[in-house]
Amino acid sequence: MPLPFLTADRAFDEATDVALPFDDRDRWRRPYRPGPWRVGAAALILLLASYVLFAAVIIAATGTLGGAGACLCAAVVVIACALRLLRMGVWVSAHGLRRVGFLRTSTVRWEQVAVVRTVQQPVRWLGLPRTVQGQALILVRRDRAADAAIPLLTTHNADFLARMEAFDRAADCVEVWAEEYARS
């Protein structure tokens with residue numbers, strides 16, 4: 001079964017001489033693989049969904065269809081949450097840069113991007129309120145003040161915790177996309 005979200009790093013690794021290694025640049029793609037923390041959390045959530053689905057089958061076998069339907073709906077919501085967790089991150093295309101969060105997605109067209117750069121700053125550890133010193137890939141928009149920079153990727157989020165090489169490769173790739181399309 002093809003897993004398209006795993007092809008991002010391979011395409012980047014195979015085409016080291018090409019700055020933007022993708023043929024179809026109009027398609028939205030994440031220029032890095034989801035990290036082990038994100039995949040592990042999604043796997044645990046899907047494990048929970050399997051238990052809820054099994055409970056729905058048991059409840060349906062005992063004859064209470066209303067309870068089985070409620071369990072089935074709960075399982076569908078849990079599966080949707082796991083899939084959304086896997087889709088979170090930064091996506092790029094020729095149209096712009098898209099930051100996908102758990103509840104909200106925001107898209108910035110390349111014309112609105114002033115600069116995308118890596119800075120050393122305090123970053124949130126796994127999205128929790130605790131901050132640690134790390135690196136962040138930030139986006140500065142043309143229509144906003146420079147101090148309102150948006151952190152896109154950090155060295156301590158669920159995709160790059162303890163994976164500095166992957167962070168550097170992803171940050172470089174997003175910066176190249178920004179340089180290619182923001183100036184034109």
# chains A, B, ... in the order shown; residues from 1 in each chain; ligands from 1
$ residues_around --residues "Gly134 of chain A" --least-positions-apart "5" --cutoff "10 Å" --atoms "only C-alpha atoms" --output "ChimeraX atom specification"
/A:119-125,154-156
$ closest_atom_pairs --of "segment 59-135 of chain A" --to "segment 166-175 of chain A" --cutoff "8 Å" --atoms "only C-alpha atoms" --output "tab-separated table"
residue	atom	partner	partner_atom	distance
A:Val92	CA	A:Val174	CA	7.4
A:Val116	CA	A:Glu175	CA	5.8
A:Arg117	CA	A:Glu175	CA	6.6
A:Thr118	CA	A:Ala171	CA	7.2
$ write_last_selection --atoms "N, CA and C atoms" --output "short mmCIF file (atom, residue, chain, number, x, y, z; two decimals), in the first residue's frame"
data_model
loop_
_atom_site.label_atom_id
_atom_site.label_comp_id
_atom_site.auth_asym_id
_atom_site.auth_seq_id
_atom_site.Cartn_x
_atom_site.Cartn_y
_atom_site.Cartn_z
N VAL A 92 3.83 22.83 1.62
CA VAL A 92 4.22 23.85 0.63
C VAL A 92 3.72 23.46 -0.75
N VAL A 116 11.53 33.70 5.31
CA VAL A 116 11.45 32.47 6.11
C VAL A 116 12.88 32.16 6.52
N ARG A 117 13.14 32.11 7.83
CA ARG A 117 14.51 31.88 8.29
C ARG A 117 14.52 31.08 9.59
N THR A 118 15.66 30.50 9.87
CA THR A 118 15.86 29.73 11.10
C THR A 118 16.50 30.63 12.14
#
$ closest_atom_pairs --of "segment 112-184 of chain A" --to "segment 26-48 of chain A" --cutoff "6 Å" --atoms "only C-alpha atoms" --output "Markdown table"
| residue | atom | partner | partner_atom | distance |
| --- | --- | --- | --- | --- |
| A:Ala158 | CA | A:Trp37 | CA | 5.1 |
| A:Asp159 | CA | A:Gly35 | CA | 3.6 |
| A:Phe160 | CA | A:Gly35 | CA | 6.0 |
| A:Ala170 | CA | A:Tyr32 | CA | 5.6 |
$ select_by_dssp --residues "segment 27-130 of chain A" --states "alpha helix (DSSP H)" --output "mmCIF file with N, CA, C and O atoms, in the first residue's frame"
data_model
loop_
_atom_site.group_PDB
_atom_site.id
_atom_site.type_symbol
_atom_site.label_atom_id
_atom_site.label_comp_id
_atom_site.auth_asym_id
_atom_site.auth_seq_id
_atom_site.Cartn_x
_atom_site.Cartn_y
_atom_site.Cartn_z
ATOM 1 N N PRO A 36 8.518 10.547 14.957
ATOM 2 C CA PRO A 36 8.112 9.361 15.717
ATOM 3 C C PRO A 36 7.157 9.678 16.862
ATOM 4 O O PRO A 36 6.320 8.846 17.210
ATOM 5 N N TRP A 37 7.253 10.854 17.448
ATOM 6 C CA TRP A 37 6.325 11.216 18.516
ATOM 7 C C TRP A 37 4.912 11.373 17.975
ATOM 8 O O TRP A 37 3.938 10.941 18.582
ATOM 9 N N ARG A 38 4.793 11.993 16.817
ATOM 10 C CA ARG A 38 3.479 12.198 16.208
ATOM 11 C C ARG A 38 2.881 10.866 15.748
ATOM 12 O O ARG A 38 1.714 10.576 15.972
ATOM 13 N N VAL A 39 3.692 10.039 15.128
ATOM 14 C CA VAL A 39 3.212 8.746 14.649
ATOM 15 C C VAL A 39 2.860 7.836 15.827
ATOM 16 O O VAL A 39 1.849 7.129 15.799
ATOM 17 N N GLY A 40 3.669 7.865 16.886
ATOM 18 C CA GLY A 40 3.381 7.059 18.068
ATOM 19 C C GLY A 40 2.090 7.470 18.751
ATOM 20 O O GLY A 40 1.290 6.620 19.168
ATOM 21 N N ALA A 41 1.869 8.780 18.857
ATOM 22 C CA ALA A 41 0.619 9.263 19.461
ATOM 23 C C ALA A 41 -0.581 8.858 18.606
ATOM 24 O O ALA A 41 -1.616 8.432 19.142
ATOM 25 N N ALA A 42 -0.455 8.962 17.301
ATOM 26 C CA ALA A 42 -1.554 8.551 16.419
ATOM 27 C C ALA A 42 -1.808 7.049 16.524
ATOM 28 O O ALA A 42 -2.964 6.609 16.500
ATOM 29 N N ALA A 43 -0.746 6.277 16.662
ATOM 30 C CA ALA A 43 -0.920 4.827 16.808
ATOM 31 C C ALA A 43 -1.650 4.490 18.105
ATOM 32 O O ALA A 43 -2.526 3.610 18.122
ATOM 33 N N LEU A 44 -1.309 5.181 19.178
ATOM 34 C CA LEU A 44 -2.016 4.944 20.447
ATOM 35 C C LEU A 44 -3.485 5.355 20.358
ATOM 36 O O LEU A 44 -4.362 4.673 20.893
ATOM 37 N N ILE A 45 -3.744 6.436 19.665
ATOM 38 C CA ILE A 45 -5.138 6.878 19.492
ATOM 39 C C ILE A 45 -5.907 5.874 18.642
ATOM 40 O O ILE A 45 -7.070 5.560 18.928
ATOM 41 N N LEU A 46 -5.271 5.340 17.604
ATOM 42 C CA LEU A 46 -5.931 4.315 16.783
ATOM 43 C C LEU A 46 -6.136 3.016 17.560
ATOM 44 O O LEU A 46 -7.125 2.309 17.340
ATOM 45 N N LEU A 47 -5.233 2.714 18.480
ATOM 46 C CA LEU A 47 -5.425 1.551 19.353
ATOM 47 C C LEU A 47 -6.659 1.748 20.231
ATOM 48 O O LEU A 47 -7.471 0.831 20.393
ATOM 49 N N LEU A 48 -6.814 2.954 20.754
ATOM 50 C CA LEU A 48 -8.010 3.281 21.529
ATOM 51 C C LEU A 48 -9.268 3.135 20.662
ATOM 52 O O LEU A 48 -10.286 2.604 21.114
ATOM 53 N N ALA A 49 -9.181 3.579 19.414
ATOM 54 C CA ALA A 49 -10.327 3.461 18.510
ATOM 55 C C ALA A 49 -10.688 2.005 18.258
ATOM 56 O O ALA A 49 -11.873 1.669 18.150
ATOM 57 N N SER A 50 -9.687 1.143 18.187
ATOM 58 C CA SER A 50 -9.998 -0.278 17.972
ATOM 59 C C SER A 50 -10.735 -0.864 19.165
ATOM 60 O O SER A 50 -11.649 -1.680 18.995
ATOM 61 N N TYR A 51 -10.378 -0.458 20.374
ATOM 62 C CA TYR A 51 -11.106 -0.917 21.558
ATOM 63 C C TYR A 51 -12.547 -0.404 21.561
ATOM 64 O O TYR A 51 -13.472 -1.119 21.927
ATOM 65 N N VAL A 52 -12.717 0.847 21.145
ATOM 66 C CA VAL A 52 -14.075 1.409 21.105
ATOM 67 C C VAL A 52 -14.909 0.696 20.039
ATOM 68 O O VAL A 52 -16.096 0.412 20.252
ATOM 69 N N LEU A 53 -14.307 0.390 18.894
ATOM 70 C CA LEU A 53 -15.023 -0.368 17.863
ATOM 71 C C LEU A 53 -15.382 -1.780 18.345
ATOM 72 O O LEU A 53 -16.478 -2.275 18.070
ATOM 73 N N PHE A 54 -14.466 -2.406 19.067
ATOM 74 C CA PHE A 54 -14.753 -3.723 19.617
ATOM 75 C C PHE A 54 -15.892 -3.637 20.633
ATOM 76 O O PHE A 54 -16.778 -4.512 20.664
ATOM 77 N N ALA A 55 -15.904 -2.589 21.434
ATOM 78 C CA ALA A 55 -17.004 -2.390 22.384
ATOM 79 C C ALA A 55 -18.319 -2.183 21.636
ATOM 80 O O ALA A 55 -19.370 -2.674 22.085
ATOM 81 N N ALA A 56 -18.274 -1.487 20.503
ATOM 82 C CA ALA A 56 -19.494 -1.283 19.718
ATOM 83 C C ALA A 56 -20.031 -2.611 19.200
ATOM 84 O O ALA A 56 -21.250 -2.832 19.190
ATOM 85 N N VAL A 57 -19.134 -3.497 18.788
ATOM 86 C CA VAL A 57 -19.566 -4.816 18.308
ATOM 87 C C VAL A 57 -20.192 -5.609 19.449
ATOM 88 O O VAL A 57 -21.243 -6.255 19.284
ATOM 89 N N ILE A 58 -19.580 -5.582 20.616
ATOM 90 C CA ILE A 58 -20.128 -6.309 21.766
ATOM 91 C C ILE A 58 -21.484 -5.743 22.166
ATOM 92 O O ILE A 58 -22.433 -6.493 22.441
ATOM 93 N N ILE A 59 -21.599 -4.425 22.182
ATOM 94 C CA ILE A 59 -22.872 -3.798 22.550
ATOM 95 C C ILE A 59 -23.943 -4.121 21.513
ATOM 96 O O ILE A 59 -25.095 -4.389 21.853
ATOM 97 N N ALA A 60 -23.563 -4.126 20.228
ATOM 98 C CA ALA A 60 -24.535 -4.474 19.185
ATOM 99 C C ALA A 60 -24.970 -5.935 19.297
ATOM 100 O O ALA A 60 -26.129 -6.263 19.034
ATOM 101 N N ALA A 61 -24.068 -6.816 19.708
ATOM 102 C CA ALA A 61 -24.404 -8.237 19.850
ATOM 103 C C ALA A 61 -25.363 -8.474 21.010
ATOM 104 O O ALA A 61 -26.153 -9.422 20.976
ATOM 105 N N LEU A 65 -28.815 -1.307 20.194
ATOM 106 C CA LEU A 65 -28.304 -0.648 18.999
ATOM 107 C C LEU A 65 -27.993 0.828 19.230
ATOM 108 O O LEU A 65 -27.104 1.386 18.573
ATOM 109 N N GLY A 66 -28.697 1.478 20.135
ATOM 110 C CA GLY A 66 -28.414 2.894 20.424
ATOM 111 C C GLY A 66 -27.026 3.067 21.031
ATOM 112 O O GLY A 66 -26.268 3.971 20.652
ATOM 113 N N GLY A 67 -26.669 2.198 21.964
ATOM 114 C CA GLY A 67 -25.335 2.243 22.564
ATOM 115 C C GLY A 67 -24.251 1.891 21.572
ATOM 116 O O GLY A 67 -23.153 2.471 21.575
ATOM 117 N N ALA A 68 -24.554 0.908 20.696
ATOM 118 C CA ALA A 68 -23.581 0.532 19.662
ATOM 119 C C ALA A 68 -23.349 1.684 18.688
ATOM 120 O O ALA A 68 -22.215 1.937 18.271
ATOM 121 N N GLY A 69 -24.433 2.370 18.338
ATOM 122 C CA GLY A 69 -24.291 3.529 17.450
ATOM 123 C C GLY A 69 -23.475 4.640 18.086
ATOM 124 O O GLY A 69 -22.666 5.286 17.417
ATOM 125 N N ALA A 70 -23.678 4.856 19.389
ATOM 126 C CA ALA A 70 -22.902 5.876 20.090
ATOM 127 C C ALA A 70 -21.426 5.504 20.127
ATOM 128 O O ALA A 70 -20.545 6.359 19.919
ATOM 129 N N CYS A 71 -21.126 4.236 20.389
ATOM 130 C CA CYS A 71 -19.727 3.783 20.388
ATOM 131 C C CYS A 71 -19.115 3.894 18.995
ATOM 132 O O CYS A 71 -17.954 4.261 18.853
ATOM 133 N N LEU A 72 -19.893 3.570 17.971
ATOM 134 C CA LEU A 72 -19.405 3.686 16.601
ATOM 135 C C LEU A 72 -19.087 5.138 16.250
ATOM 136 O O LEU A 72 -18.045 5.435 15.661
ATOM 137 N N CYS A 73 -19.972 6.047 16.647
ATOM 138 C CA CYS A 73 -19.713 7.482 16.403
ATOM 139 C C CYS A 73 -18.475 7.958 17.157
ATOM 140 O O CYS A 73 -17.671 8.721 16.615
ATOM 141 N N ALA A 74 -18.319 7.502 18.395
ATOM 142 C CA ALA A 74 -17.134 7.877 19.173
ATOM 143 C C ALA A 74 -15.865 7.347 18.504
ATOM 144 O O ALA A 74 -14.839 8.049 18.450
ATOM 145 N N ALA A 75 -15.913 6.133 17.979
ATOM 146 C CA ALA A 75 -14.743 5.561 17.302
ATOM 147 C C ALA A 75 -14.402 6.340 16.040
ATOM 148 O O ALA A 75 -13.221 6.572 15.742
ATOM 149 N N VAL A 76 -15.418 6.755 15.296
ATOM 150 C CA VAL A 76 -15.177 7.547 14.083
ATOM 151 C C VAL A 76 -14.526 8.883 14.441
ATOM 152 O O VAL A 76 -13.592 9.337 13.758
ATOM 153 N N VAL A 77 -14.969 9.506 15.527
ATOM 154 C CA VAL A 77 -14.363 10.766 15.966
ATOM 155 C C VAL A 77 -12.918 10.547 16.384
ATOM 156 O O VAL A 77 -12.024 11.341 16.041
ATOM 157 N N VAL A 78 -12.638 9.468 17.093
ATOM 158 C CA VAL A 78 -11.269 9.174 17.528
ATOM 159 C C VAL A 78 -10.372 8.906 16.316
ATOM 160 O O VAL A 78 -9.230 9.380 16.261
ATOM 161 N N ILE A 79 -10.868 8.176 15.324
ATOM 162 C CA ILE A 79 -10.086 7.915 14.105
ATOM 163 C C ILE A 79 -9.832 9.217 13.347
ATOM 164 O O ILE A 79 -8.721 9.452 12.855
ATOM 165 N N ALA A 80 -10.828 10.078 13.268
ATOM 166 C CA ALA A 80 -10.641 11.374 12.605
ATOM 167 C C ALA A 80 -9.592 12.211 13.328
ATOM 168 O O ALA A 80 -8.782 12.893 12.690
ATOM 169 N N CYS A 81 -9.577 12.155 14.656
ATOM 170 C CA CYS A 81 -8.558 12.886 15.424
ATOM 171 C C CYS A 81 -7.161 12.345 15.141
ATOM 172 O O CYS A 81 -6.210 13.120 15.006
ATOM 173 N N ALA A 82 -7.025 11.037 15.042
ATOM 174 C CA ALA A 82 -5.719 10.443 14.746
ATOM 175 C C ALA A 82 -5.237 10.845 13.347
ATOM 176 O O ALA A 82 -4.057 11.174 13.161
ATOM 177 N N LEU A 83 -6.140 10.843 12.388
ATOM 178 C CA LEU A 83 -5.757 11.247 11.034
ATOM 179 C C LEU A 83 -5.390 12.724 10.971
ATOM 180 O O LEU A 83 -4.447 13.119 10.273
ATOM 181 N N ARG A 84 -6.108 13.553 11.699
ATOM 182 C CA ARG A 84 -5.790 14.982 11.731
ATOM 183 C C ARG A 84 -4.431 15.212 12.391
ATOM 184 O O ARG A 84 -3.666 16.070 11.964
ATOM 185 N N LEU A 85 -4.139 14.427 13.422
ATOM 186 C CA LEU A 85 -2.846 14.526 14.083
ATOM 187 C C LEU A 85 -1.714 14.200 13.120
ATOM 188 O O LEU A 85 -0.662 14.842 13.146
ATOM 189 N N LEU A 86 -1.931 13.227 12.246
ATOM 190 C CA LEU A 86 -0.909 12.877 11.257
ATOM 191 C C LEU A 86 -0.766 13.932 10.162
ATOM 192 O O LEU A 86 0.296 14.059 9.553
ATOM 193 N N ARG A 87 -1.809 14.681 9.873
ATOM 194 C CA ARG A 87 -1.752 15.713 8.821
ATOM 195 C C ARG A 87 -1.150 17.026 9.305
ATOM 196 O O ARG A 87 -0.837 17.897 8.504
#
$ atom_distance --atom1 "atom CA of Arg141 of chain A" --atom2 "atom CA of Glu180 of chain A"
15.9 Å
$ atom_distance --atom1 "atom CA of Arg104 of chain A" --atom2 "atom CA of Trp91 of chain A"
13.6 Å
$ closest_atom_pairs --of "segment 136-179 of chain A" --to "segment 97-103 of chain A" --cutoff "10 Å" --atoms "only C-alpha atoms" --output "CSV"
residue,atom,partner,partner_atom,distance
A:Leu139,CA,A:Leu97,CA,9.6
A:Ile150,CA,A:Arg99,CA,9.9
A:Pro151,CA,A:Arg99,CA,9.8
A:Leu152,CA,A:Arg99,CA,7.0
A:Leu153,CA,A:Arg99,CA,9.6
A:Val174,CA,A:Leu97,CA,8.7
A:Trp177,CA,A:Leu97,CA,8.9
A:Ala178,CA,A:Leu97,CA,8.3
$ write_last_selection --atoms "N, CA, C and O atoms" --output "tab-separated table (two decimals), in the first residue's frame"
chain	number	residue	atom	x	y	z
A	139	LEU	N	8.27	32.44	10.03
A	139	LEU	CA	7.73	33.09	8.84
A	139	LEU	C	7.41	34.52	9.21
A	139	LEU	O	6.70	34.78	10.17
A	150	ILE	N	5.79	34.04	12.85
A	150	ILE	CA	5.05	32.82	13.12
A	150	ILE	C	6.02	31.65	13.10
A	150	ILE	O	6.67	31.41	12.09
A	151	PRO	N	6.16	30.89	14.21
A	151	PRO	CA	7.03	29.70	14.16
A	151	PRO	C	6.36	28.58	13.38
A	151	PRO	O	5.24	28.18	13.68
A	152	LEU	N	7.03	28.11	12.36
A	152	LEU	CA	6.49	27.03	11.53
A	152	LEU	C	6.92	25.67	12.03
A	152	LEU	O	6.11	24.76	12.21
A	153	LEU	N	8.20	25.50	12.24
A	153	LEU	CA	8.79	24.26	12.73
A	153	LEU	C	9.72	24.59	13.89
A	153	LEU	O	10.33	25.65	13.90
A	174	VAL	N	12.03	24.19	3.15
A	174	VAL	CA	11.00	25.24	3.20
A	174	VAL	C	11.61	26.59	2.84
A	174	VAL	O	10.99	27.39	2.13
A	177	TRP	N	11.92	26.73	-0.91
A	177	TRP	CA	10.61	27.01	-1.52
A	177	TRP	C	10.28	28.50	-1.37
A	177	TRP	O	9.79	29.12	-2.32
A	178	ALA	N	10.55	29.06	-0.21
A	178	ALA	CA	10.25	30.48	0.01
A	178	ALA	C	11.11	31.37	-0.89
A	178	ALA	O	10.61	32.34	-1.46
$ select_by_dssp --residues "chain A" --states "strand (DSSP E)" --output "ChimeraX atom specification"
/A:89-92,96-100,105-109,113-124,131-141,150-154
$ atom_distance --atom1 "atom CA of Val140 of chain A" --atom2 "atom CA of Arg163 of chain A"
24.6 Å
$ closest_residue --among "A:Leu137, A:Val132, A:Ala162, A:Ala149" --to "Val90 of chain A" --atoms "only C-alpha atoms"
A:Leu137
